[in-house]
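Have a look at run.cif below; it lists mmCIF, C-alpha atoms.
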```
data_protein
#
loop_
_atom_site.label_atom_id
_atom_site.label_comp_id
_atom_site.auth_asym_id
_atom_site.auth_seq_id
_atom_site.Cartn_x
_atom_site.Cartn_y
_atom_site.Cartn_z
CA LYS A 1 0.00 0.00 0.00
CA ILE A 2 2.76 2.46 -0.77
CA THR A 3 2.15 5.20 -3.31
CA ASN A 4 3.90 8.41 -4.09
CA THR A 5 1.59 11.14 -2.84
CA TYR A 6 1.58 14.91 -3.15
CA ASN A 7 3.16 16.98 -0.46
CA PRO A 8 3.24 20.80 -0.81
CA ASN A 9 6.93 20.74 0.17
CA GLY A 10 7.70 18.74 -2.95
CA SER A 11 8.62 15.52 -1.15
CA SER A 12 6.50 12.40 -1.05
CA ARG A 13 4.76 10.54 1.74
CA ASN A 14 2.90 7.25 1.89
CA SER A 15 -0.83 7.36 1.22
CA ASP A 16 -3.43 5.74 -0.98
CA LYS A 17 -6.45 7.74 0.17
CA SER A 18 -8.63 10.00 -1.92
CA PRO A 19 -8.94 13.64 -0.91
CA ILE A 20 -12.69 13.06 -1.42
CA PRO A 21 -13.98 10.04 0.56
CA ARG A 22 -16.26 7.45 -1.06
CA LYS A 23 -19.75 7.11 0.36
CA ASN A 24 -22.89 5.02 0.14
CA ILE A 25 -25.67 7.09 -1.41
CA ARG A 26 -29.27 6.95 -2.55
CA PHE A 27 -29.19 6.46 -6.34
CA ASP A 28 -32.55 6.66 -8.09
CA GLU A 29 -31.43 6.07 -11.67
CA ASN A 30 -32.62 2.99 -13.50
CA TYR A 31 -29.45 0.88 -13.76
CA ALA A 32 -29.05 -2.76 -12.79
CA PRO A 33 -27.02 -3.61 -9.68
CA GLY A 34 -23.39 -4.15 -10.63
CA THR A 35 -23.32 -1.35 -13.23
CA ILE A 36 -20.60 1.32 -13.18
CA ILE A 37 -21.74 4.81 -14.18
CA ILE A 38 -19.08 7.47 -14.68
CA ASP A 39 -20.30 11.06 -14.82
CA THR A 40 -17.34 13.06 -16.13
CA SER A 41 -18.94 16.46 -15.50
CA GLU A 42 -19.53 15.55 -11.84
CA ARG A 43 -16.16 13.75 -11.67
CA ARG A 44 -17.84 10.85 -9.93
CA LEU A 45 -18.10 7.11 -10.47
CA TYR A 46 -21.21 5.33 -9.19
CA TYR A 47 -21.25 1.60 -8.57
CA VAL A 48 -24.87 0.47 -8.32
CA THR A 49 -25.22 -1.88 -5.35
CA GLY A 50 -28.99 -2.36 -5.33
CA LYS A 51 -32.29 -0.73 -6.18
CA GLY A 52 -31.91 2.92 -5.23
CA LYS A 53 -28.40 2.43 -3.82
CA ALA A 54 -24.85 3.03 -5.03
CA ILE A 55 -21.32 3.69 -3.85
CA GLU A 56 -20.09 7.10 -4.99
CA TYR A 57 -16.37 7.51 -5.67
CA ALA A 58 -14.55 10.70 -6.65
CA VAL A 59 -12.51 10.29 -9.84
CA GLY A 60 -10.13 12.20 -12.06
CA VAL A 61 -11.25 12.43 -15.69
CA GLY A 62 -9.96 13.46 -19.11
CA ARG A 63 -8.94 17.07 -19.53
CA GLU A 64 -10.50 19.25 -22.23
CA GLY A 65 -10.13 17.55 -25.60
CA PHE A 66 -9.74 14.11 -23.97
CA THR A 67 -13.28 13.47 -22.77
CA TRP A 68 -15.42 10.73 -24.23
CA GLN A 69 -18.69 8.96 -23.55
CA GLY A 70 -20.35 5.68 -24.34
CA GLN A 71 -21.09 2.20 -23.03
CA ASN A 72 -18.87 -0.84 -22.86
CA ARG A 73 -17.82 -3.61 -20.48
CA ILE A 74 -14.83 -4.41 -18.29
CA THR A 75 -12.78 -6.82 -20.41
CA ARG A 76 -9.75 -7.31 -18.16
CA LYS A 77 -8.64 -6.63 -14.60
CA ALA A 78 -5.04 -6.32 -13.41
CA GLU A 79 -3.30 -5.87 -10.06
CA TRP A 80 -0.30 -3.53 -10.12
CA PRO A 81 -0.49 -3.27 -13.92
CA GLY A 82 2.41 -2.27 -16.13
CA TRP A 83 1.92 0.83 -18.25
CA THR A 84 2.75 1.20 -21.94
CA PRO A 85 1.94 4.79 -22.89
CA PRO A 86 0.61 5.00 -26.47
CA GLN A 87 3.09 6.48 -28.95
CA VAL A 88 0.73 9.38 -29.64
CA MET A 89 0.87 10.25 -25.92
CA ARG A 90 4.65 9.93 -25.81
CA ASP A 91 4.96 12.24 -28.84
CA ARG A 92 2.49 14.77 -27.38
CA VAL A 93 4.24 14.95 -24.00
CA LYS A 94 7.63 15.39 -25.65
CA ARG A 95 6.30 18.14 -27.95
CA GLN A 96 4.25 20.00 -25.32
CA GLU A 97 6.27 19.47 -22.13
CA GLY A 98 9.72 18.50 -23.34
CA ARG A 99 9.57 15.31 -21.22
CA VAL A 100 10.33 11.86 -22.55
CA LEU A 101 7.90 9.23 -21.32
CA PRO A 102 9.33 5.73 -21.06
CA ALA A 103 8.07 3.10 -23.47
CA TYR A 104 7.07 0.94 -20.50
CA VAL A 105 6.74 1.31 -16.73
CA GLU A 106 6.68 -1.83 -14.55
CA GLY A 107 3.76 -2.21 -12.19
CA GLY A 108 4.39 -0.88 -8.69
CA PRO A 109 4.09 2.23 -6.54
CA ASN A 110 5.84 4.49 -9.09
CA ASN A 111 3.54 3.44 -11.93
CA PRO A 112 0.91 6.04 -12.96
CA LEU A 113 -1.76 3.28 -13.22
CA GLY A 114 -1.59 2.69 -9.50
CA ALA A 115 -2.63 -0.44 -7.66
CA ARG A 116 -5.36 -1.77 -9.97
CA ALA A 117 -6.71 -1.33 -13.48
CA MET A 118 -9.97 -2.34 -15.11
CA TYR A 119 -9.77 -2.23 -18.90
CA ILE A 120 -12.79 -0.92 -20.81
CA GLY A 121 -13.64 -2.94 -23.93
CA SER A 122 -10.99 -2.82 -26.64
CA THR A 123 -10.45 0.91 -26.04
CA ILE A 124 -7.23 2.48 -24.77
CA TYR A 125 -9.18 3.65 -21.70
CA ARG A 126 -9.30 2.12 -18.26
CA ILE A 127 -10.45 2.77 -14.75
CA HIS A 128 -7.24 2.74 -12.73
CA GLY A 129 -5.54 3.84 -9.57
CA THR A 130 -3.04 6.64 -9.41
CA ASN A 131 0.15 7.52 -7.60
CA GLN A 132 -1.08 11.14 -7.72
CA PRO A 133 -4.22 11.20 -5.52
CA TRP A 134 -4.29 15.02 -5.55
CA THR A 135 -5.61 14.71 -9.16
CA ILE A 136 -8.84 13.11 -7.92
CA GLY A 137 -11.79 15.41 -8.61
CA LYS A 138 -9.96 17.13 -11.47
CA ALA A 139 -9.90 16.91 -15.27
CA MET A 140 -6.23 16.10 -15.91
CA SER A 141 -5.94 12.70 -17.61
CA SER A 142 -5.68 11.69 -21.26
CA GLY A 143 -9.12 10.08 -21.02
CA CYS A 144 -8.69 7.36 -18.43
CA ILE A 145 -10.69 7.41 -15.20
CA ARG A 146 -8.39 7.82 -12.19
CA MET A 147 -9.22 6.71 -8.68
CA ALA A 148 -7.24 6.84 -5.46
CA ASN A 149 -5.54 3.47 -4.91
CA GLU A 150 -7.65 2.78 -1.81
CA ASP A 151 -10.83 3.33 -3.86
CA VAL A 152 -9.76 1.45 -7.00
CA MET A 153 -8.82 -1.56 -4.85
CA HIS A 154 -12.28 -1.39 -3.21
CA LEU A 155 -14.08 -1.20 -6.58
CA PHE A 156 -11.82 -3.88 -8.10
CA GLU A 157 -13.08 -6.36 -5.48
CA GLN A 158 -16.73 -5.54 -6.34
CA VAL A 159 -16.64 -5.95 -10.13
CA ASP A 160 -16.06 -8.82 -12.51
CA VAL A 161 -14.94 -9.01 -16.12
CA GLY A 162 -18.13 -8.30 -18.08
CA THR A 163 -19.35 -5.54 -15.77
CA ARG A 164 -21.25 -2.86 -17.72
CA VAL A 165 -19.64 0.61 -17.81
CA VAL A 166 -21.57 3.75 -18.81
CA VAL A 167 -19.56 6.95 -19.34
CA ARG A 168 -21.51 10.18 -19.67
CA ASN A 169 -20.68 13.88 -19.67
#
```
Transcribe the structure of this file into structure tokens.
Amino acid sequence: KITNTYNPNGSSRNSDKSPIPRKNIRFDENYAPGTIIIDTSERRLYYVTGKGKAIEYAVGVGREGFTWQGQNRITRKAEWPGWTPPQVMRDRVKRQEGRVLPAYVEGGPNNPLGARAMYIGSTIYRIHGTNQPWTIGKAMSSGCIRMANEDVMHLFEQVDVGTRVVVRN
């Protein structure tokens, strides 16, 4: 449970908690239990637990120009996943920020995908943890849905491959 977490002094400390705690809520939308609904404008993920009930998680979402919506399913789950940034992302970061992203980052506490990842269909998008929990509640990603490691591990235990995912703006 070690992740690199923001500290205003510039150093890191150990934490996997979201700055916005998850909570059980009343959820009156007509989705079957076990469905994940991501509302990018609210920056929230809802996991429907029963009729009129859900767990609400704060998430980080795609920044302007990187938002998307649609329906799909979880096709794969991974613990401490490795990260292979797409070439288009590597080129963009080099051009815009002057940084060179590695071709691959091993799974572990320094990996941007965090502790768990749930892959959405055959897309390049996933619901994943982060080693930057201060980004939760913000629009900063390249389209993936970020969760604090503590929260993504909680959700990971609830869902199976095949779980329906609805992303809306």
- Starting from the displayed file, determine the output of the PyMOL selection byres ((chain A and resi 50-61) around 6) and express the residue list as a PyMOL selection string. chain A and resi 22-28+33+43-49+62+135-139+141+145-147
Apply the PyMOL selection byres ((chain A and resi 165-167) around 10) to the displayed file and report the matching residues as a compact mmCIF listing (two decimals) with C-alpha atoms, in the frame of the given file.
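Result file is result.txt:
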```txt
# COMPACT_ATOMS: atom_id res chain seq x y z
CA TYR A 31 -29.45 0.88 -13.76
CA GLY A 34 -23.39 -4.15 -10.63
CA THR A 35 -23.32 -1.35 -13.23
CA ILE A 36 -20.60 1.32 -13.18
CA ILE A 37 -21.74 4.81 -14.18
CA ILE A 38 -19.08 7.47 -14.68
CA ASP A 39 -20.30 11.06 -14.82
CA THR A 40 -17.34 13.06 -16.13
CA LEU A 45 -18.10 7.11 -10.47
CA TYR A 46 -21.21 5.33 -9.19
CA TYR A 47 -21.25 1.60 -8.57
CA THR A 67 -13.28 13.47 -22.77
CA TRP A 68 -15.42 10.73 -24.23
CA GLN A 69 -18.69 8.96 -23.55
CA GLY A 70 -20.35 5.68 -24.34
CA GLN A 71 -21.09 2.20 -23.03
CA ASN A 72 -18.87 -0.84 -22.86
CA ARG A 73 -17.82 -3.61 -20.48
CA ILE A 74 -14.83 -4.41 -18.29
CA ILE A 120 -12.79 -0.92 -20.81
CA GLY A 121 -13.64 -2.94 -23.93
CA ILE A 127 -10.45 2.77 -14.75
CA ILE A 145 -10.69 7.41 -15.20
CA GLY A 162 -18.13 -8.30 -18.08
CA THR A 163 -19.35 -5.54 -15.77
CA ARG A 164 -21.25 -2.86 -17.72
CA ARG A 168 -21.51 10.18 -19.67
CA ASN A 169 -20.68 13.88 -19.67
```
Please expand the PyMOL selection byres ((chain A and resi 115) around 12) into the concrete residues it hits in this file, giving the result as a compact mmCIF listing (two decimals) with C-alpha atoms, in the frame of the given file.
```txt
# COMPACT_ATOMS: atom_id res chain seq x y z
CA LYS A 1 0.00 0.00 0.00
CA ILE A 2 2.76 2.46 -0.77
CA THR A 3 2.15 5.20 -3.31
CA ASN A 4 3.90 8.41 -4.09
CA SER A 15 -0.83 7.36 1.22
CA ASP A 16 -3.43 5.74 -0.98
CA LYS A 17 -6.45 7.74 0.17
CA LYS A 77 -8.64 -6.63 -14.60
CA ALA A 78 -5.04 -6.32 -13.41
CA GLU A 79 -3.30 -5.87 -10.06
CA TRP A 80 -0.30 -3.53 -10.12
CA PRO A 81 -0.49 -3.27 -13.92
CA GLY A 82 2.41 -2.27 -16.13
CA TRP A 83 1.92 0.83 -18.25
CA GLU A 106 6.68 -1.83 -14.55
CA GLY A 107 3.76 -2.21 -12.19
CA GLY A 108 4.39 -0.88 -8.69
CA PRO A 109 4.09 2.23 -6.54
CA ASN A 110 5.84 4.49 -9.09
CA ASN A 111 3.54 3.44 -11.93
CA PRO A 112 0.91 6.04 -12.96
CA LEU A 113 -1.76 3.28 -13.22
CA GLY A 114 -1.59 2.69 -9.50
CA ARG A 116 -5.36 -1.77 -9.97
CA ALA A 117 -6.71 -1.33 -13.48
CA MET A 118 -9.97 -2.34 -15.11
CA ILE A 127 -10.45 2.77 -14.75
CA HIS A 128 -7.24 2.74 -12.73
CA GLY A 129 -5.54 3.84 -9.57
CA THR A 130 -3.04 6.64 -9.41
CA ASN A 131 0.15 7.52 -7.60
CA GLN A 132 -1.08 11.14 -7.72
CA PRO A 133 -4.22 11.20 -5.52
CA ARG A 146 -8.39 7.82 -12.19
CA MET A 147 -9.22 6.71 -8.68
CA ALA A 148 -7.24 6.84 -5.46
CA ASN A 149 -5.54 3.47 -4.91
CA GLU A 150 -7.65 2.78 -1.81
CA ASP A 151 -10.83 3.33 -3.86
CA VAL A 152 -9.76 1.45 -7.00
CA MET A 153 -8.82 -1.56 -4.85
CA HIS A 154 -12.28 -1.39 -3.21
CA LEU A 155 -14.08 -1.20 -6.58
CA PHE A 156 -11.82 -3.88 -8.10
```
Box dimensions and centre (Å, one decimal) enclosing range 50-59 of chain A, axis-aligned, 4 Å extra per side, as lines of an AutoDock Vina configuration file:
```
center_x = -22.4
center_y = 4.2
center_z = -6.8
size_x = 27.8
size_y = 21.1
size_z = 14.0
```
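For the pair CA of Gly65 in chain A and CA of Cys144 in chain A, the interatomic distance is 12.5 Å.
The two atoms in question, CA of Ser122 in chain A and CA of Pro86 in chain A, are spaced 14.0 Å apart.
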The distance between CA of Ser18 in chain A and CA of Trp134 in chain A is 7.6 Å
